[in-house]
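**Q** What follows is upload-v7.txt, compact mmCIF, C-alpha atoms.
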```txt
# COMPACT_ATOMS: atom_id res chain seq x y z
CA GLY A 1108 7.53 47.68 7.98
CA GLU A 1109 7.83 50.87 5.99
CA ASP A 1110 7.33 50.64 2.26
CA VAL A 1111 7.33 53.24 -0.51
CA GLU A 1112 5.86 52.49 -3.94
CA GLN A 1113 6.02 54.32 -7.26
CA SER A 1114 5.02 53.62 -10.83
CA LEU A 1115 8.14 52.66 -12.76
CA PHE A 1116 7.79 54.60 -16.03
CA LEU A 1117 6.35 57.87 -17.29
CA SER A 1118 6.62 59.45 -20.76
CA VAL A 1119 5.61 63.03 -21.51
CA ARG A 1120 6.09 65.44 -24.39
CA GLU A 1121 8.43 68.39 -23.99
CA GLY A 1122 6.51 71.40 -22.65
CA ASP A 1123 3.80 69.30 -20.99
CA SER A 1124 3.45 68.83 -17.23
CA SER A 1125 4.69 65.61 -15.61
CA VAL A 1126 3.08 64.14 -12.53
CA ILE A 1127 4.97 61.44 -10.65
CA ASN A 1128 3.07 59.62 -7.92
CA CYS A 1129 4.19 57.84 -4.78
CA THR A 1130 2.45 55.99 -1.95
CA TYR A 1131 3.84 55.02 1.42
CA THR A 1132 2.61 52.74 4.14
CA ASP A 1133 3.75 54.24 7.44
CA SER A 1134 2.36 57.68 8.25
CA SER A 1135 4.86 58.34 11.07
CA SER A 1136 7.45 59.85 8.73
CA THR A 1137 8.49 63.43 9.47
CA TYR A 1138 9.48 64.49 5.97
CA LEU A 1139 8.84 63.20 2.45
CA TYR A 1140 11.37 63.80 -0.31
CA TRP A 1141 11.86 63.82 -4.03
CA TYR A 1142 15.28 63.02 -5.49
CA LYS A 1143 16.48 62.98 -9.10
CA GLN A 1144 19.11 60.58 -10.42
CA GLU A 1145 20.75 60.97 -13.81
CA PRO A 1146 22.68 58.08 -15.41
CA GLY A 1147 25.90 57.25 -13.59
CA ALA A 1148 25.33 59.90 -10.93
CA GLY A 1149 24.31 60.04 -7.29
CA LEU A 1150 20.97 61.33 -6.10
CA GLN A 1151 20.17 65.03 -6.20
CA LEU A 1152 17.72 66.38 -3.62
CA LEU A 1153 14.99 68.26 -5.49
CA THR A 1154 12.58 69.18 -2.75
CA TYR A 1155 10.97 67.90 0.42
CA ILE A 1156 7.82 68.54 2.39
CA PHE A 1157 7.11 68.43 6.09
CA SER A 1158 4.46 65.86 6.90
CA ASN A 1159 1.98 68.41 8.27
CA MET A 1160 1.95 70.41 5.02
CA ASP A 1161 -0.36 69.80 2.05
CA MET A 1162 1.57 71.52 -0.69
CA LYS A 1163 4.94 73.04 -1.47
CA GLN A 1164 5.90 74.92 -4.61
CA ASP A 1165 9.43 75.58 -5.76
CA GLN A 1166 9.76 77.13 -9.23
CA ARG A 1167 8.62 74.43 -11.72
CA LEU A 1168 8.12 71.84 -8.99
CA THR A 1169 4.91 71.36 -7.00
CA VAL A 1170 4.66 68.73 -4.27
CA LEU A 1171 1.24 67.62 -3.06
CA LEU A 1172 0.80 65.51 0.06
CA ASN A 1173 -2.40 63.69 0.97
CA LYS A 1174 -1.62 62.33 4.39
CA LYS A 1175 -4.97 60.57 4.77
CA ASP A 1176 -4.34 58.50 1.63
CA LYS A 1177 -0.55 58.38 2.23
CA HIS A 1178 -0.04 59.73 -1.28
CA LEU A 1179 2.67 62.10 -2.47
CA SER A 1180 3.03 63.58 -5.94
CA LEU A 1181 5.58 65.68 -7.79
CA ARG A 1182 4.43 67.89 -10.62
CA ILE A 1183 7.02 69.28 -13.01
CA ALA A 1184 5.67 72.14 -15.09
CA ASP A 1185 6.91 72.78 -18.65
CA THR A 1186 8.93 69.55 -18.71
CA GLN A 1187 12.23 69.78 -20.59
CA THR A 1188 14.50 67.12 -22.08
CA GLY A 1189 16.94 67.82 -19.26
CA ASP A 1190 14.30 66.55 -16.83
CA SER A 1191 14.71 63.02 -18.22
CA ALA A 1192 15.98 60.98 -15.25
CA ILE A 1193 14.83 58.61 -12.52
CA TYR A 1194 12.85 60.25 -9.74
CA PHE A 1195 12.82 58.72 -6.28
CA CYS A 1196 10.30 59.34 -3.56
CA ALA A 1197 11.58 58.82 0.01
CA ALA A 1198 10.26 59.00 3.55
CA ASN A 1199 12.27 59.34 6.73
CA TYR A 1200 11.60 57.40 9.92
CA GLY A 1201 14.06 58.88 12.36
CA GLN A 1202 17.38 58.53 10.58
CA ASN A 1203 16.19 55.60 8.46
CA PHE A 1204 15.33 56.90 5.00
CA VAL A 1205 13.18 54.55 2.91
CA PHE A 1206 13.23 55.03 -0.86
CA GLY A 1207 10.81 53.92 -3.53
CA PRO A 1208 12.00 52.00 -6.62
CA GLY A 1209 12.12 55.16 -8.75
CA THR A 1210 10.07 56.41 -11.72
CA ARG A 1211 11.93 56.71 -15.01
CA LEU A 1212 10.75 59.90 -16.72
CA SER A 1213 11.27 60.07 -20.47
CA VAL A 1214 10.70 63.42 -22.16
CA LEU A 1215 9.85 63.14 -25.84
CA PRO A 1216 10.66 66.03 -28.21
CA ASP B 990 33.93 71.14 -5.34
CA THR B 991 32.60 70.99 -1.79
CA GLY B 992 30.09 68.18 -2.26
CA VAL B 993 30.25 64.59 -1.02
CA SER B 994 33.04 62.63 -2.66
CA GLN B 995 33.56 58.87 -2.87
CA ASP B 996 36.55 56.82 -3.85
CA PRO B 997 36.97 54.75 -5.92
CA ARG B 998 34.17 55.35 -8.42
CA HIS B 999 34.42 51.82 -9.76
CA LYS B 1000 35.82 48.63 -8.27
CA ILE B 1001 36.02 45.20 -9.87
CA THR B 1002 37.05 42.39 -7.57
CA LYS B 1003 37.08 38.62 -7.51
CA ARG B 1004 34.74 36.71 -5.23
CA GLY B 1005 36.29 36.19 -1.81
CA GLN B 1006 38.44 39.32 -1.85
CA ASN B 1007 38.06 42.22 0.60
CA VAL B 1008 37.26 45.74 -0.60
CA THR B 1009 37.21 49.11 1.12
CA PHE B 1010 35.43 52.26 0.00
CA ARG B 1011 35.92 55.78 1.24
CA CYS B 1012 33.46 58.64 1.64
CA ASP B 1013 34.32 62.28 2.36
CA PRO B 1014 31.19 64.18 3.47
CA ILE B 1015 30.51 67.89 3.17
CA SER B 1016 32.85 69.36 5.76
CA GLU B 1017 30.34 70.87 8.19
CA HIS B 1018 28.02 67.83 8.10
CA ASN B 1019 28.21 65.64 11.16
CA ARG B 1020 25.81 62.94 9.96
CA LEU B 1021 26.95 60.39 7.40
CA TYR B 1022 24.95 57.58 5.79
CA TRP B 1023 25.77 54.55 3.68
CA TYR B 1024 23.28 53.07 1.21
CA ARG B 1025 23.33 50.24 -1.32
CA GLN B 1026 21.55 50.56 -4.65
CA THR B 1027 21.02 47.65 -7.02
CA LEU B 1028 19.88 47.99 -10.62
CA GLY B 1029 16.30 49.17 -10.94
CA GLN B 1030 15.89 49.79 -7.21
CA GLY B 1031 16.02 52.73 -4.89
CA PRO B 1032 18.81 53.09 -2.33
CA GLU B 1033 18.58 50.81 0.71
CA PHE B 1034 19.77 52.16 4.04
CA LEU B 1035 22.82 50.36 5.48
CA THR B 1036 24.10 52.44 8.37
CA TYR B 1037 24.45 55.95 9.77
CA PHE B 1038 26.93 57.88 11.89
CA GLN B 1039 26.57 60.96 13.98
CA ASN B 1040 30.13 62.26 14.29
CA GLU B 1041 32.22 59.14 15.02
CA ALA B 1042 29.39 57.15 16.61
CA GLN B 1043 27.64 54.51 14.52
CA LEU B 1044 24.07 54.93 15.73
CA GLU B 1045 22.04 52.66 13.50
CA LYS B 1046 22.68 49.60 11.34
CA SER B 1047 20.27 47.90 8.97
CA ARG B 1048 19.74 44.16 9.14
CA LEU B 1049 21.05 44.24 5.54
CA LEU B 1050 24.50 44.91 7.00
CA SER B 1051 25.79 41.38 7.48
CA ASP B 1052 28.84 40.47 9.56
CA ARG B 1053 30.99 40.76 6.44
CA PHE B 1054 30.29 44.51 6.30
CA SER B 1055 31.90 47.02 8.62
CA ALA B 1056 31.84 50.80 8.57
CA GLU B 1057 33.94 53.27 10.49
CA ARG B 1058 34.19 56.99 10.91
CA PRO B 1059 37.17 57.27 13.23
CA LYS B 1060 37.53 61.04 13.55
CA GLY B 1061 34.02 62.06 12.67
CA SER B 1062 35.04 63.22 9.19
CA PHE B 1063 35.58 60.67 6.39
CA SER B 1064 34.13 57.18 6.59
CA THR B 1065 35.13 53.79 5.22
CA LEU B 1066 32.94 50.83 4.33
CA GLU B 1067 34.69 47.47 4.15
CA ILE B 1068 33.24 44.30 2.69
CA GLN B 1069 35.08 41.10 3.57
CA ARG B 1070 34.94 37.89 1.51
CA THR B 1071 32.90 39.53 -1.23
CA GLU B 1072 30.10 37.59 -2.90
CA GLN B 1073 28.50 38.13 -6.29
CA GLY B 1074 25.38 39.37 -4.52
CA ASP B 1075 27.40 42.29 -3.17
CA SER B 1076 27.62 43.77 -6.67
CA ALA B 1077 25.82 47.11 -6.42
CA MET B 1078 26.32 50.86 -6.25
CA TYR B 1079 27.35 51.96 -2.76
CA LEU B 1080 26.19 55.48 -2.01
CA CYS B 1081 27.27 57.79 0.76
CA ALA B 1082 25.27 60.80 1.93
CA SER B 1083 25.76 63.46 4.57
CA SER B 1084 23.61 65.94 6.41
CA LEU B 1085 23.77 68.46 9.21
CA GLY B 1086 22.99 67.22 12.69
CA PRO B 1087 20.70 68.58 15.40
CA GLY B 1088 21.63 71.85 16.97
CA THR B 1089 22.96 73.27 13.72
CA SER B 1090 21.52 76.18 11.83
CA GLY B 1091 20.43 74.18 8.80
CA SER B 1092 18.04 71.31 8.29
CA PRO B 1093 19.22 67.92 9.55
CA TYR B 1094 16.81 66.31 7.13
CA GLU B 1095 18.49 67.35 3.87
CA GLN B 1096 20.76 64.56 2.71
CA TYR B 1097 23.35 65.22 0.04
CA PHE B 1098 24.60 62.22 -1.91
CA GLY B 1099 27.97 61.42 -3.39
CA PRO B 1100 28.38 59.93 -6.89
CA GLY B 1101 28.68 56.39 -5.53
CA THR B 1102 31.13 53.51 -5.86
CA ARG B 1103 30.07 50.83 -8.31
CA LEU B 1104 31.23 47.41 -7.14
CA THR B 1105 31.36 44.44 -9.49
CA VAL B 1106 32.20 41.05 -7.99
CA THR B 1107 33.24 38.46 -10.58
```
Go ahead and render the structure in this file as structure tokens.

**A**
Amino acid sequence: GEDVEQSLFLSVREGDSSVINCTYTDSSSTYLYWYKQEPGAGLQLLTYIFSNMDMKQDQRLTVLLNKKDKHLSLRIADTQTGDSAIYFCAANYGQNFVFGPGTRLSVLP
Amino acid sequence: DTGVSQDPRHKITKRGQNVTFRCDPISEHNRLYWYRQTLGQGPEFLTYFQNEAQLEKSRLLSDRFSAERPKGSFSTLEIQRTEQGDSAMYLCASSLGPGTSGSPYEQYFGPGTRLTVT
């Protein structure tokens, strides 16, 4: 079945770029997503990319999609302490959205 | 606030009791989703509605779970005879449906209901 994997932890220094990686198994998804979750809160949609695109940029966020390798990444430029959160990658298969386990991003001062 | 709201935010119940959660989606959204999230995991899809019709259910949704969306607006998720393994965060999300001017693929999540079964 569909599976989405992510590394669980990432630490960066404030002002550096963060790159969060994700792999998925089923290439039939239409869209791939990045969500952010802060403690005690629901998920916030950050950005998403259509499966026939390679890249999408939105202010400090850059999404890269390598469909051949089934690899998705999220780059956060100039990472701030407010970016500390858990980041989830997700893929949709029809109306079934499959989420990865989340990457906990810690931003060090 | 016009986002997705969920009630209650926290629920503590004893094993064997029934619980019911409510979700109010963004008003113009006709798709509504329920997810379960356990500690250290991403959300797992439970079920989804388009208007009042429940169109898909995960195999995770055992017979003890039932969801309704009677008028195509708010939804309820009921768990009967709760078990300790039901302890989790229950998340609701909504999105536009097909034929609308926005993207049906943008899901907006509520803050969740945290269930603790003792």

**Q** Please list as an MDAnalysis selection string every residue within 6 Å of Ile1001 in chain B, counting only C-alpha atoms and excluding residues in the same chain fewer than 5 positions away.

**A** chainID B and resid 1104:1106

**Q** Pick out the chain B residues within 8 Å of chain A. Count only C-alpha atoms. Give them as a ChimeraX atom specification.

**A** /B:1029-1034,1037,1080,1094-1101

**Q** Taking (25.1, 49.7, -2.1) in the coordinates of the supplied file, I want to know which residues reach to within 8 Å of it, counting only C-alpha atoms; could you give the answer as a PyMOL selection string?

**A** chain B and resi 1023-1027+1032-1033+1035+1075-1080

**Q** Ile1183 in chain A: which residues within 9 Å, counting only C-alpha atoms, same-chain residues fewer than 2 positions away excluded, as a ChimeraX atom specification?

**A** /A:1123-1127,1167-1169,1181,1185-1186,1190

**Q** Give me the residues near Val1170 in chain A as a list in words, where near means some atom within 7 Å (using all atoms listed in the file) and where sequence neighbours in that chain fewer than 3 positions away do not count.

**A** Met1162, Lys1163, Gln1164, Ser1180, Leu1181 and Arg1182 of chain A

**Q** Taking into account only C-alpha atoms, which residue in the set B:Ser1084, B:Asn1007, B:Gln1069, B:Ser1055 is nearest to Gln1043 in chain B?

**A**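 Between B:Ser1084, B:Asn1007, B:Gln1069, B:Ser1055, the residue approaching Gln1043 in chain B most closely is B:Ser1055.
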
**Q** For CA of Thr1102 in chain B and CA of Asp996 in chain B, determine how far apart the two atoms are, in Å to one decimal place.

**A**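 For CA of Thr1102 in chain B relative to CA of Asp996 in chain B, the distance reads 6.7 Å.
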
**Q** Looking at only C-alpha atoms, which of A:Leu1117, A:Leu1172, A:Ala1192, A:Leu1212 is the one that sits closest to Cys1129 in chain A?

**A** A:Leu1172

**Q** Can you put N, CA and C atoms back into range 1185-1200 of chain A and show it as a PDB file, in the frame of the given file?

**A**
```pdb
ATOM      1  N   ASP A1185       6.086  72.467 -17.484  1.00  0.00           N
ATOM      2  CA  ASP A1185       6.910  72.780 -18.650  1.00  0.00           C
ATOM      3  C   ASP A1185       8.130  71.839 -18.727  1.00  0.00           C
ATOM      4  N   THR A1186       7.867  70.548 -18.768  1.00  0.00           N
ATOM      5  CA  THR A1186       8.930  69.550 -18.710  1.00  0.00           C
ATOM      6  C   THR A1186       9.883  69.699 -19.891  1.00  0.00           C
ATOM      7  N   GLN A1187      11.174  69.628 -19.590  1.00  0.00           N
ATOM      8  CA  GLN A1187      12.230  69.780 -20.590  1.00  0.00           C
ATOM      9  C   GLN A1187      12.989  68.465 -20.760  1.00  0.00           C
ATOM     10  N   THR A1188      13.740  68.359 -21.858  1.00  0.00           N
ATOM     11  CA  THR A1188      14.500  67.120 -22.080  1.00  0.00           C
ATOM     12  C   THR A1188      15.516  66.888 -20.967  1.00  0.00           C
ATOM     13  N   GLY A1189      16.002  67.952 -20.368  1.00  0.00           N
ATOM     14  CA  GLY A1189      16.940  67.820 -19.260  1.00  0.00           C
ATOM     15  C   GLY A1189      16.305  67.259 -17.998  1.00  0.00           C
ATOM     16  N   ASP A1190      14.986  67.148 -17.985  1.00  0.00           N
ATOM     17  CA  ASP A1190      14.300  66.550 -16.830  1.00  0.00           C
ATOM     18  C   ASP A1190      14.262  65.027 -16.938  1.00  0.00           C
ATOM     19  N   SER A1191      14.680  64.478 -18.064  1.00  0.00           N
ATOM     20  CA  SER A1191      14.710  63.020 -18.220  1.00  0.00           C
ATOM     21  C   SER A1191      15.682  62.435 -17.199  1.00  0.00           C
ATOM     22  N   ALA A1192      15.174  61.549 -16.351  1.00  0.00           N
ATOM     23  CA  ALA A1192      15.980  60.980 -15.250  1.00  0.00           C
ATOM     24  C   ALA A1192      15.095  59.988 -14.509  1.00  0.00           C
ATOM     25  N   ILE A1193      15.639  59.433 -13.435  1.00  0.00           N
ATOM     26  CA  ILE A1193      14.830  58.610 -12.520  1.00  0.00           C
ATOM     27  C   ILE A1193      14.532  59.462 -11.307  1.00  0.00           C
ATOM     28  N   TYR A1194      13.286  59.459 -10.884  1.00  0.00           N
ATOM     29  CA  TYR A1194      12.850  60.250  -9.740  1.00  0.00           C
ATOM     30  C   TYR A1194      12.466  59.309  -8.598  1.00  0.00           C
ATOM     31  N   PHE A1195      13.073  59.550  -7.447  1.00  0.00           N
ATOM     32  CA  PHE A1195      12.820  58.720  -6.280  1.00  0.00           C
ATOM     33  C   PHE A1195      12.035  59.499  -5.234  1.00  0.00           C
ATOM     34  N   CYS A1196      11.039  58.863  -4.708  1.00  0.00           N
ATOM     35  CA  CYS A1196      10.300  59.340  -3.560  1.00  0.00           C
ATOM     36  C   CYS A1196      10.941  58.685  -2.320  1.00  0.00           C
ATOM     37  N   ALA A1197      11.014  59.398  -1.208  1.00  0.00           N
ATOM     38  CA  ALA A1197      11.580  58.820   0.010  1.00  0.00           C
ATOM     39  C   ALA A1197      10.867  59.379   1.220  1.00  0.00           C
ATOM     40  N   ALA A1198      10.844  58.580   2.282  1.00  0.00           N
ATOM     41  CA  ALA A1198      10.260  59.000   3.550  1.00  0.00           C
ATOM     42  C   ALA A1198      11.279  58.731   4.644  1.00  0.00           C
ATOM     43  N   ASN A1199      11.336  59.607   5.636  1.00  0.00           N
ATOM     44  CA  ASN A1199      12.270  59.340   6.730  1.00  0.00           C
ATOM     45  C   ASN A1199      11.513  58.886   7.976  1.00  0.00           C
ATOM     46  N   TYR A1200      12.106  57.903   8.643  1.00  0.00           N
ATOM     47  CA  TYR A1200      11.600  57.400   9.920  1.00  0.00           C
ATOM     48  C   TYR A1200      12.779  57.500  10.876  1.00  0.00           C
TER      49      TYR A1200
END
```
